[in-house]
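Raw contents of work-v1.txt, compact mmCIF, C-alpha atoms and all ligand atoms:
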```
# COMPACT_ATOMS: atom_id res chain seq x y z
CA MET A 1 83.71 107.59 118.80
CA ARG A 2 83.75 109.53 115.52
CA GLU A 3 86.60 108.61 113.16
CA ARG A 4 89.12 111.41 112.72
CA GLY A 5 89.42 113.11 109.34
CA LEU A 6 92.36 112.70 107.01
CA LEU A 7 95.15 115.29 107.02
CA ILE A 8 96.13 116.04 103.42
CA VAL A 9 99.34 118.01 102.83
CA LEU A 10 100.09 119.53 99.43
CA SER A 11 103.63 120.87 98.99
CA GLY A 12 105.85 121.82 96.13
CA PRO A 13 108.08 124.66 95.01
CA SER A 14 106.85 128.22 94.85
CA GLY A 15 105.06 128.87 91.57
CA VAL A 16 104.36 125.21 90.72
CA GLY A 17 100.62 125.88 91.00
CA LYS A 18 99.62 124.67 94.49
CA GLY A 19 97.19 127.54 95.05
CA THR A 20 95.71 127.23 91.57
CA VAL A 21 95.19 123.47 91.95
CA ARG A 22 93.80 123.86 95.47
CA LYS A 23 91.28 126.51 94.36
CA GLU A 24 90.19 124.28 91.47
CA LEU A 25 89.81 121.30 93.83
CA PHE A 26 87.74 123.35 96.26
CA SER A 27 85.52 124.68 93.48
CA GLN A 28 84.41 121.15 92.64
CA ASN A 29 81.05 120.37 94.24
CA ASP A 30 81.97 116.95 95.52
CA THR A 31 85.17 118.11 97.29
CA LYS A 32 84.71 117.90 101.02
CA PHE A 33 88.10 119.06 102.35
CA GLU A 34 88.45 121.90 104.83
CA TYR A 35 91.23 124.37 103.96
CA SER A 36 93.45 125.45 106.82
CA ILE A 37 94.24 129.14 106.35
CA SER A 38 97.88 129.81 107.23
CA MET A 39 99.50 132.63 109.18
CA THR A 40 102.21 134.67 107.48
CA THR A 41 104.34 137.76 107.98
CA ARG A 42 104.43 138.33 104.21
CA LEU A 43 102.67 141.50 103.06
CA PRO A 44 99.35 140.88 101.25
CA ARG A 45 99.51 140.78 97.45
CA ALA A 46 97.00 142.79 95.43
CA GLY A 47 93.59 141.19 95.94
CA GLU A 48 94.58 139.04 98.92
CA VAL A 49 92.21 139.26 101.88
CA ASP A 50 93.09 138.79 105.55
CA GLY A 51 91.33 135.71 106.91
CA VAL A 52 90.70 134.33 103.42
CA ASP A 53 94.09 133.92 101.75
CA TYR A 54 96.15 134.16 104.95
CA PHE A 55 95.99 135.58 108.45
CA PHE A 56 98.53 138.38 107.99
CA LYS A 57 100.67 138.96 111.09
CA THR A 58 103.61 141.12 112.16
CA ARG A 59 106.86 139.32 113.01
CA GLU A 60 106.22 140.08 116.70
CA GLU A 61 102.73 138.58 116.55
CA PHE A 62 104.04 135.51 114.73
CA GLU A 63 106.87 134.99 117.23
CA GLN A 64 104.30 135.24 120.03
CA LEU A 65 102.27 132.46 118.34
CA ILE A 66 105.42 130.32 118.19
CA SER A 67 106.20 130.91 121.86
CA GLU A 68 102.60 130.08 122.84
CA ASP A 69 102.77 126.81 120.87
CA LYS A 70 99.82 127.83 118.70
CA LEU A 71 101.33 126.47 115.47
CA LEU A 72 101.29 122.89 114.27
CA GLU A 73 104.33 123.75 112.15
CA TRP A 74 106.09 126.88 111.00
CA ALA A 75 108.99 127.84 108.76
CA GLU A 76 110.92 130.84 107.57
CA PHE A 77 110.70 130.87 103.77
CA VAL A 78 112.71 133.42 101.73
CA GLY A 79 112.46 136.11 104.40
CA ASN A 80 108.99 135.55 105.84
CA TYR A 81 107.39 133.32 108.44
CA TYR A 82 104.56 130.93 107.50
CA GLY A 83 102.69 128.62 109.87
CA THR A 84 99.61 126.45 110.40
CA PRO A 85 97.24 127.16 113.33
CA VAL A 86 97.14 123.98 115.43
CA ASP A 87 93.72 124.50 117.08
CA TYR A 88 91.83 124.71 113.77
CA VAL A 89 93.50 121.56 112.43
CA GLU A 90 92.89 119.52 115.60
CA LYS A 91 89.27 120.65 115.97
CA THR A 92 88.41 119.98 112.32
CA LEU A 93 90.05 116.55 112.23
CA SER A 94 88.27 115.59 115.45
CA GLU A 95 84.94 116.50 113.77
CA GLY A 96 85.74 113.78 111.21
CA LYS A 97 86.50 116.25 108.40
CA ASP A 98 89.50 116.08 106.08
CA VAL A 99 91.88 119.03 106.44
CA PHE A 100 93.92 120.32 103.50
CA LEU A 101 97.25 122.10 104.11
CA GLU A 102 99.11 123.91 101.33
CA ILE A 103 102.59 124.44 102.74
CA GLU A 104 106.28 124.40 101.83
CA VAL A 105 108.60 121.47 102.44
CA GLN A 106 110.23 122.30 105.82
CA GLY A 107 106.77 122.65 107.35
CA ALA A 108 105.51 119.48 105.68
CA MET A 109 108.38 117.51 107.21
CA GLN A 110 107.43 118.83 110.67
CA VAL A 111 103.82 117.74 110.08
CA ARG A 112 105.04 114.32 108.91
CA LYS A 113 106.61 113.76 112.35
CA LYS A 114 103.43 114.76 114.20
CA PHE A 115 100.98 113.08 111.77
CA PRO A 116 102.75 110.04 110.33
CA ASP A 117 99.37 108.80 109.05
CA GLY A 118 98.73 111.98 107.05
CA LEU A 119 98.67 111.96 103.25
CA PHE A 120 101.64 113.82 101.79
CA ILE A 121 101.50 114.89 98.13
CA PHE A 122 104.27 116.74 96.30
CA LEU A 123 103.21 118.85 93.34
CA ALA A 124 106.01 118.85 90.78
CA PRO A 125 106.64 121.19 87.83
CA PRO A 126 107.09 119.78 84.31
CA SER A 127 110.57 121.41 84.29
CA LEU A 128 112.62 124.04 86.15
CA SER A 129 112.31 126.45 83.23
CA GLU A 130 108.51 126.11 83.29
CA LEU A 131 108.56 126.68 87.07
CA LYS A 132 110.50 129.91 86.61
CA ASN A 133 108.22 130.91 83.76
CA ARG A 134 105.15 130.45 86.01
CA ILE A 135 106.51 132.45 88.92
CA VAL A 136 107.73 135.24 86.63
CA THR A 137 104.43 135.33 84.71
CA ARG A 138 102.44 135.52 87.96
CA GLY A 139 104.10 138.90 88.40
CA THR A 140 103.87 139.06 92.20
CA GLU A 141 107.55 138.78 93.17
CA THR A 142 110.62 140.96 92.61
CA GLU A 143 113.60 139.53 90.70
CA ASP A 144 115.55 139.00 93.96
CA ILE A 145 112.70 137.09 95.57
CA ILE A 146 112.24 134.98 92.42
CA GLU A 147 115.93 134.04 92.52
CA GLY A 148 115.60 133.16 96.24
CA ARG A 149 112.51 131.03 95.61
CA MET A 150 114.13 129.25 92.64
CA LYS A 151 117.18 128.43 94.78
CA VAL A 152 114.93 126.95 97.50
CA ALA A 153 112.89 125.15 94.78
CA LYS A 154 115.91 123.03 93.83
CA GLU A 155 116.35 121.92 97.46
CA GLU A 156 112.61 121.22 97.73
CA ILE A 157 112.49 119.11 94.57
CA ILE A 158 115.22 116.86 96.03
CA MET A 159 112.84 116.22 98.95
CA MET A 160 110.02 114.83 96.78
CA SER A 161 110.97 111.25 97.68
CA ALA A 162 109.93 111.95 101.29
CA TYR A 163 106.29 112.25 100.12
CA ASP A 164 103.70 109.52 99.61
CA TYR A 165 102.89 110.71 96.10
CA VAL A 166 104.31 113.00 93.44
CA VAL A 167 101.79 114.64 91.12
CA GLU A 168 103.02 116.53 88.08
CA ASN A 169 101.19 119.79 87.46
CA ASP A 170 101.38 119.72 83.68
CA SER A 171 97.68 120.57 83.55
CA VAL A 172 95.49 121.88 86.39
CA THR A 173 92.61 119.58 85.37
CA LEU A 174 94.81 116.49 85.30
CA ALA A 175 96.58 117.40 88.56
CA CYS A 176 93.18 117.74 90.29
CA GLU A 177 92.00 114.41 88.88
CA ARG A 178 95.18 112.73 90.16
CA ILE A 179 94.83 114.27 93.62
CA ASN A 180 91.15 113.29 93.85
CA ALA A 181 92.05 109.73 92.85
CA ILE A 182 94.82 109.55 95.47
CA VAL A 183 92.52 110.82 98.24
CA LEU A 184 89.76 108.41 97.23
CA ALA A 185 92.20 105.48 97.22
CA GLU A 186 93.50 106.52 100.64
CA HIS A 187 89.96 106.61 102.04
CA CYS A 188 89.22 103.16 100.59
CA ARG A 189 92.43 101.75 102.02
CA ARG A 190 91.72 103.08 105.52
CA GLU A 191 88.10 101.96 105.47
CA ARG A 192 89.11 98.48 104.39
CA VAL A 193 91.69 98.24 107.16
CA SER A 194 89.27 99.38 109.85
CA LYS A 195 86.50 97.09 108.51
CA ARG A 196 88.91 94.15 108.64
CA TYR A 197 89.51 94.89 112.32
CA MET A 198 85.79 95.28 113.02
CA LYS A 199 85.20 91.85 111.48
CA MET A 200 87.99 90.34 113.52
CA LEU A 201 86.50 91.76 116.74
CA GLU A 202 83.05 90.36 115.91
CA VAL A 203 84.47 86.89 115.34
CA GLU A 204 86.42 86.77 118.57
N1 LIG B 1 99.23 123.58 85.12
C1 LIG B 1 99.55 124.85 84.90
N2 LIG B 1 99.94 125.25 83.67
C2 LIG B 1 100.28 126.54 83.43
N3 LIG B 1 100.29 127.51 84.38
C3 LIG B 1 99.91 127.16 85.62
C4 LIG B 1 99.54 125.82 85.95
N4 LIG B 1 99.22 125.78 87.28
C5 LIG B 1 99.39 127.04 87.74
N5 LIG B 1 99.81 127.86 86.75
C6 LIG B 1 100.14 129.30 86.88
O1 LIG B 1 101.38 129.37 87.57
C7 LIG B 1 101.41 130.54 88.41
C8 LIG B 1 101.75 130.11 89.84
O2 LIG B 1 100.65 129.38 90.35
P1 LIG B 1 100.28 129.43 91.90
O3 LIG B 1 100.27 130.83 92.39
O4 LIG B 1 99.05 128.63 92.06
O5 LIG B 1 101.55 128.65 92.50
P2 LIG B 1 101.90 128.27 94.00
O6 LIG B 1 102.59 126.97 93.97
O7 LIG B 1 100.68 128.38 94.85
O8 LIG B 1 102.90 129.42 94.37
P3 LIG B 1 103.41 129.92 95.82
O9 LIG B 1 103.94 128.74 96.52
O10 LIG B 1 104.43 130.94 95.48
O11 LIG B 1 102.22 130.52 96.52
C9 LIG B 1 100.06 131.20 88.29
O12 LIG B 1 100.18 132.30 87.40
C10 LIG B 1 99.15 130.11 87.71
O13 LIG B 1 98.10 130.64 86.93
N1 LIG B 2 105.46 125.88 106.25
C1 LIG B 2 104.43 126.58 105.76
N2 LIG B 2 104.45 127.03 104.50
C2 LIG B 2 103.39 127.69 104.04
C3 LIG B 2 102.26 127.93 104.84
N3 LIG B 2 101.38 128.65 104.10
C4 LIG B 2 101.92 128.82 102.89
N4 LIG B 2 103.14 128.25 102.85
C5 LIG B 2 104.07 128.17 101.72
O1 LIG B 2 104.95 129.28 101.70
C6 LIG B 2 105.43 129.46 100.37
C7 LIG B 2 105.31 130.89 99.96
O2 LIG B 2 103.96 131.27 99.90
P1 LIG B 2 103.49 132.64 99.19
O3 LIG B 2 102.01 132.74 99.44
O4 LIG B 2 104.28 133.74 99.81
O5 LIG B 2 103.81 132.48 97.72
C8 LIG B 2 104.59 128.54 99.48
O6 LIG B 2 105.35 127.36 99.22
C9 LIG B 2 103.42 128.22 100.36
O7 LIG B 2 102.82 126.98 100.05
C10 LIG B 2 102.27 127.43 106.16
O8 LIG B 2 101.32 127.58 106.95
N5 LIG B 2 103.36 126.78 106.57
```
Rewrite the coordinates I just gave you, this time as structure tokens.
Amino acid sequence: MRERGLLIVLSGPSGVGKGTVRKELFSQNDTKFEYSISMTTRLPRAGEVDGVDYFFKTREEFEQLISEDKLLEWAEFVGNYYGTPVDYVEKTLSEGKDVFLEIEVQGAMQVRKKFPDGLFIFLAPPSLSELKNRIVTRGTETEDIIEGRMKVAKEEIIMMSAYDYVVENDSVTLACERINAIVLAEHCRRERVSKRYMKMLEVE
């Protein structure tokens, strides 16, 4: 039977740079993760494309997905729903491919319960003032939404100890190098464990 892929979850407060780091990781030729595109009820930002950045849904459509159990996890985050399509994740993992989720903390904790052997990485800002600076400079959110996201950010940062690793995003290049190293180490660790069992079975 084919070995299942690794589920990699990247979380962190809004504006820390998850999307930027993920895009950089995926642009590297040797990266072999599959990105799970999320569902959201948030309106598209300028330049965002349905089916590429998100699957954009109405609240009614999203609530239907919840009631039909089509989401691996979902959360309401500062006024909008966000969720991960379960079928895509299950199918891709069963094909032996690693799946990469970029989600907020409530959702990550739901995934942790369903996939205790997933790899959970928290992307941390160098400081709260730098976090605010990044989200303001991005220029996509109103002042009210920024305040809401900064309030949630403080609660999310407290949760970093529930993750396997914390990676500081002081530099996109360094953050990517750290994440690649963590994933490589995780693959080595799993391989070694399974090989040890294979050897044991041969001996007996
Ligand atoms: N290491 C970094 N140093 C300086 N600026 C950065 C760094 N990483 C990302 N940024 C900038 O910070 C802003 C927020 O980044 P990004 O949109 O990737 O964050 P995010 O965590 O995905 O946010 P959200 O959760 O709201 O989608 C962007 O303008 C991006 O260019
Ligand atoms: N629980 C989930 N959170 C998700 C998902 N997709 C994205 N997100 C997170 O929501 C916030 C806000 O995103 P934005 O695009 O409006 O800035 C951010 O932390 C995302 O990572 C998901 O499927 N589930």
Using all atoms listed in the file, which protein or nucleic acid residues come within 10 Å of A:Gly83? Drop anything in the same chain fewer than 5 positions from it, and give the result as JSON, numbers by chain. {"A": [37, 38, 39, 40, 41, 54, 55, 62, 65, 66, 70, 71, 72, 73, 74, 75, 76, 103, 104, 107]}
Work out how far apart atom CA of A:Glu155 and atom N5 of ligand LIG 2 (chain B) are and give it in Å to one decimal.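 Going from atom CA of A:Glu155 over to atom N5 of ligand LIG 2 (chain B), I get 16.6 Å.
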To one decimal place in Å, what is the distance between atom C5 of ligand LIG 1 (chain B) and atom CA of A:Ile179?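 Between atom C5 of ligand LIG 1 (chain B) and atom CA of A:Ile179 the gap works out to 14.8 Å.
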Give me the box for ligand LIG 2 (chain B) as lines of an AutoDock Vina configuration file, namely the centre and edge lengths in Å to one decimal of a box along x, y and z that holds every listed atom plus 8 Å on each side.
```
center_x = 103.4
center_y = 129.8
center_z = 102.3
size_x = 20.1
size_y = 23.9
size_z = 25.2
```
For atom O11 of ligand LIG 1 (chain B) and atom CA of A:Lys57, the interatomic separation in Å (one decimal):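 Computing it gives 16.9 Å between the two atoms.
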Quick one: everything within 10 Å of stretch 171-174 of chain A, counting all atoms listed in the file, minus sequence neighbours fewer than 3 positions away in the same chain. Send it as a VMD selection string. chain A and resid 17 to 18 20 to 22 24 to 25 125 to 126 167 to 168 177 to 180
One residue among A:Val136, A:Ile121, A:Val152, A:Leu131 is nearest to A:Gln106 when using only C-alpha atoms, and that residue is A:Val152
Pick the closest to A:Glu34 from A:Arg138, A:Lys91, A:Arg59, A:Arg190: which is it, counting only C-alpha atoms?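 Using only C-alpha atoms, A:Glu34 sits closest to A:Lys91.
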Compile the contact shell of A:Thr140 as a PyMOL selection string: residues with an atom at most 12 Å away, counting only C-alpha atoms, same-chain residues fewer than 3 positions apart removed. chain A and resi 14-15+43-48+134-137+143-146
Pick from A:Glu3, A:Asp50, A:Glu68, A:Glu141, whichever lies nearest to ligand LIG 1 (chain B) using all atoms listed in the file: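 When distances to ligand LIG 1 (chain B) are compared using all atoms listed in the file, the smallest one comes from A:Glu141.
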Taking (113.7, 121.3, 91.8) as a centre in this file's frame and 12 Å as the limit, can you find every polymer residue with an atom that close, using only C-alpha atoms, and give them as JSON, numbers by chain? {"A": [12, 13, 14, 15, 16, 105, 122, 123, 124, 125, 126, 127, 128, 129, 130, 131, 132, 149, 150, 151, 152, 153, 154, 155, 156, 157, 158, 159, 160, 161]}
Can those selected residues be exported to a file as an mmCIF file, keeping the file's coordinate frame so that it contains C-alpha atoms?
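Final output, part-v6.cif:
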```
data_model
loop_
_atom_site.group_PDB
_atom_site.id
_atom_site.type_symbol
_atom_site.label_atom_id
_atom_site.label_comp_id
_atom_site.auth_asym_id
_atom_site.auth_seq_id
_atom_site.Cartn_x
_atom_site.Cartn_y
_atom_site.Cartn_z
ATOM 1 C CA GLY A 12 105.850 121.820 96.130
ATOM 2 C CA PRO A 13 108.080 124.660 95.010
ATOM 3 C CA SER A 14 106.850 128.220 94.850
ATOM 4 C CA GLY A 15 105.060 128.870 91.570
ATOM 5 C CA VAL A 16 104.360 125.210 90.720
ATOM 6 C CA VAL A 105 108.600 121.470 102.440
ATOM 7 C CA PHE A 122 104.270 116.740 96.300
ATOM 8 C CA LEU A 123 103.210 118.850 93.340
ATOM 9 C CA ALA A 124 106.010 118.850 90.780
ATOM 10 C CA PRO A 125 106.640 121.190 87.830
ATOM 11 C CA PRO A 126 107.090 119.780 84.310
ATOM 12 C CA SER A 127 110.570 121.410 84.290
ATOM 13 C CA LEU A 128 112.620 124.040 86.150
ATOM 14 C CA SER A 129 112.310 126.450 83.230
ATOM 15 C CA GLU A 130 108.510 126.110 83.290
ATOM 16 C CA LEU A 131 108.560 126.680 87.070
ATOM 17 C CA LYS A 132 110.500 129.910 86.610
ATOM 18 C CA ARG A 149 112.510 131.030 95.610
ATOM 19 C CA MET A 150 114.130 129.250 92.640
ATOM 20 C CA LYS A 151 117.180 128.430 94.780
ATOM 21 C CA VAL A 152 114.930 126.950 97.500
ATOM 22 C CA ALA A 153 112.890 125.150 94.780
ATOM 23 C CA LYS A 154 115.910 123.030 93.830
ATOM 24 C CA GLU A 155 116.350 121.920 97.460
ATOM 25 C CA GLU A 156 112.610 121.220 97.730
ATOM 26 C CA ILE A 157 112.490 119.110 94.570
ATOM 27 C CA ILE A 158 115.220 116.860 96.030
ATOM 28 C CA MET A 159 112.840 116.220 98.950
ATOM 29 C CA MET A 160 110.020 114.830 96.780
ATOM 30 C CA SER A 161 110.970 111.250 97.680
#
```
Taking into account only C-alpha atoms, which residue in the set A:Glu61, A:Leu184, A:Arg189, A:Lys32 is nearest to A:Gly96? A:Lys32
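Counting all atoms listed in the file and comparing A:Thr92, A:Asn133, A:Thr142, A:Thr84, the residue that lies closest to ligand LIG 2 (chain B) is A:Thr84.
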Considering all atoms listed in the file, state which residue in the set A:Arg112, A:His187, A:Lys23, A:Arg42 is at the smallest distance from A:Leu6.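 Under the stated criterion, the closest residue is A:His187.
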Quick one: everything within 9 Å of A:Arg4, counting all atoms listed in the file, minus sequence neighbours fewer than 5 positions away in the same chain. Send it as an MDAnalysis selection string. chainID A and resid 92:98
How about completing stretch 4-28 of chain A with N, CA and C atoms and giving it to me as a PDB file, keeping the file's coordinate frame?
```
ATOM      1  N   ARG A   4      88.487 110.143 113.052  1.00  0.00           N
ATOM      2  CA  ARG A   4      89.120 111.410 112.720  1.00  0.00           C
ATOM      3  C   ARG A   4      89.247 111.571 111.203  1.00  0.00           C
ATOM      4  N   GLY A   5      89.240 112.836 110.760  1.00  0.00           N
ATOM      5  CA  GLY A   5      89.420 113.110 109.340  1.00  0.00           C
ATOM      6  C   GLY A   5      90.853 112.843 108.908  1.00  0.00           C
ATOM      7  N   LEU A   6      91.044 112.930 107.612  1.00  0.00           N
ATOM      8  CA  LEU A   6      92.360 112.700 107.010  1.00  0.00           C
ATOM      9  C   LEU A   6      93.082 114.039 106.858  1.00  0.00           C
ATOM     10  N   LEU A   7      94.357 114.061 107.222  1.00  0.00           N
ATOM     11  CA  LEU A   7      95.150 115.290 107.020  1.00  0.00           C
ATOM     12  C   LEU A   7      95.876 115.173 105.683  1.00  0.00           C
ATOM     13  N   ILE A   8      95.546 116.072 104.772  1.00  0.00           N
ATOM     14  CA  ILE A   8      96.130 116.040 103.420  1.00  0.00           C
ATOM     15  C   ILE A   8      97.085 117.230 103.292  1.00  0.00           C
ATOM     16  N   VAL A   9      98.333 116.937 102.953  1.00  0.00           N
ATOM     17  CA  VAL A   9      99.340 118.010 102.830  1.00  0.00           C
ATOM     18  C   VAL A   9      99.787 118.101 101.383  1.00  0.00           C
ATOM     19  N   LEU A  10      99.606 119.285 100.799  1.00  0.00           N
ATOM     20  CA  LEU A  10     100.090 119.530  99.430  1.00  0.00           C
ATOM     21  C   LEU A  10     101.272 120.489  99.502  1.00  0.00           C
ATOM     22  N   SER A  11     102.423 120.025  99.018  1.00  0.00           N
ATOM     23  CA  SER A  11     103.630 120.870  98.990  1.00  0.00           C
ATOM     24  C   SER A  11     104.161 120.914  97.571  1.00  0.00           C
ATOM     25  N   GLY A  12     105.206 121.706  97.441  1.00  0.00           N
ATOM     26  CA  GLY A  12     105.850 121.820  96.130  1.00  0.00           C
ATOM     27  C   GLY A  12     106.477 123.191  96.041  1.00  0.00           C
ATOM     28  N   PRO A  13     107.364 123.387  95.093  1.00  0.00           N
ATOM     29  CA  PRO A  13     108.080 124.660  95.010  1.00  0.00           C
ATOM     30  C   PRO A  13     107.157 125.842  94.707  1.00  0.00           C
ATOM     31  N   SER A  14     107.611 127.003  95.104  1.00  0.00           N
ATOM     32  CA  SER A  14     106.850 128.220  94.850  1.00  0.00           C
ATOM     33  C   SER A  14     106.635 128.393  93.350  1.00  0.00           C
ATOM     34  N   GLY A  15     105.384 128.622  92.972  1.00  0.00           N
ATOM     35  CA  GLY A  15     105.060 128.870  91.570  1.00  0.00           C
ATOM     36  C   GLY A  15     104.650 127.624  90.803  1.00  0.00           C
ATOM     37  N   VAL A  16     104.720 126.447  91.451  1.00  0.00           N
ATOM     38  CA  VAL A  16     104.360 125.210  90.720  1.00  0.00           C
ATOM     39  C   VAL A  16     102.868 125.159  90.413  1.00  0.00           C
ATOM     40  N   GLY A  17     102.067 125.873  91.250  1.00  0.00           N
ATOM     41  CA  GLY A  17     100.620 125.880  91.000  1.00  0.00           C
ATOM     42  C   GLY A  17      99.789 125.302  92.139  1.00  0.00           C
ATOM     43  N   LYS A  18     100.356 125.250  93.347  1.00  0.00           N
ATOM     44  CA  LYS A  18      99.620 124.670  94.490  1.00  0.00           C
ATOM     45  C   LYS A  18      98.303 125.414  94.731  1.00  0.00           C
ATOM     46  N   GLY A  19      98.384 126.744  94.768  1.00  0.00           N
ATOM     47  CA  GLY A  19      97.190 127.540  95.050  1.00  0.00           C
ATOM     48  C   GLY A  19      96.156 127.384  93.947  1.00  0.00           C
ATOM     49  N   THR A  20      96.619 127.372  92.709  1.00  0.00           N
ATOM     50  CA  THR A  20      95.710 127.230  91.570  1.00  0.00           C
ATOM     51  C   THR A  20      94.996 125.878  91.627  1.00  0.00           C
ATOM     52  N   VAL A  21      95.766 124.828  91.893  1.00  0.00           N
ATOM     53  CA  VAL A  21      95.190 123.470  91.950  1.00  0.00           C
ATOM     54  C   VAL A  21      94.236 123.374  93.148  1.00  0.00           C
ATOM     55  N   ARG A  22      94.653 123.922  94.282  1.00  0.00           N
ATOM     56  CA  ARG A  22      93.800 123.860  95.470  1.00  0.00           C
ATOM     57  C   ARG A  22      92.462 124.589  95.220  1.00  0.00           C
ATOM     58  N   LYS A  23      92.528 125.769  94.617  1.00  0.00           N
ATOM     59  CA  LYS A  23      91.280 126.510  94.360  1.00  0.00           C
ATOM     60  C   LYS A  23      90.380 125.731  93.407  1.00  0.00           C
ATOM     61  N   GLU A  24      90.981 125.088  92.412  1.00  0.00           N
ATOM     62  CA  GLU A  24      90.190 124.280  91.470  1.00  0.00           C
ATOM     63  C   GLU A  24      89.556 123.093  92.197  1.00  0.00           C
ATOM     64  N   LEU A  25      90.342 122.439  93.058  1.00  0.00           N
ATOM     65  CA  LEU A  25      89.810 121.300  93.830  1.00  0.00           C
ATOM     66  C   LEU A  25      88.629 121.730  94.691  1.00  0.00           C
ATOM     67  N   PHE A  26      88.789 122.881  95.351  1.00  0.00           N
ATOM     68  CA  PHE A  26      87.740 123.350  96.260  1.00  0.00           C
ATOM     69  C   PHE A  26      86.515 123.864  95.522  1.00  0.00           C
ATOM     70  N   SER A  27      86.675 124.182  94.234  1.00  0.00           N
ATOM     71  CA  SER A  27      85.520 124.680  93.480  1.00  0.00           C
ATOM     72  C   SER A  27      84.651 123.519  92.990  1.00  0.00           C
ATOM     73  N   GLN A  28      85.182 122.303  93.102  1.00  0.00           N
ATOM     74  CA  GLN A  28      84.410 121.150  92.640  1.00  0.00           C
ATOM     75  C   GLN A  28      83.391 120.761  93.710  1.00  0.00           C
TER      76      GLN A  28
END
```
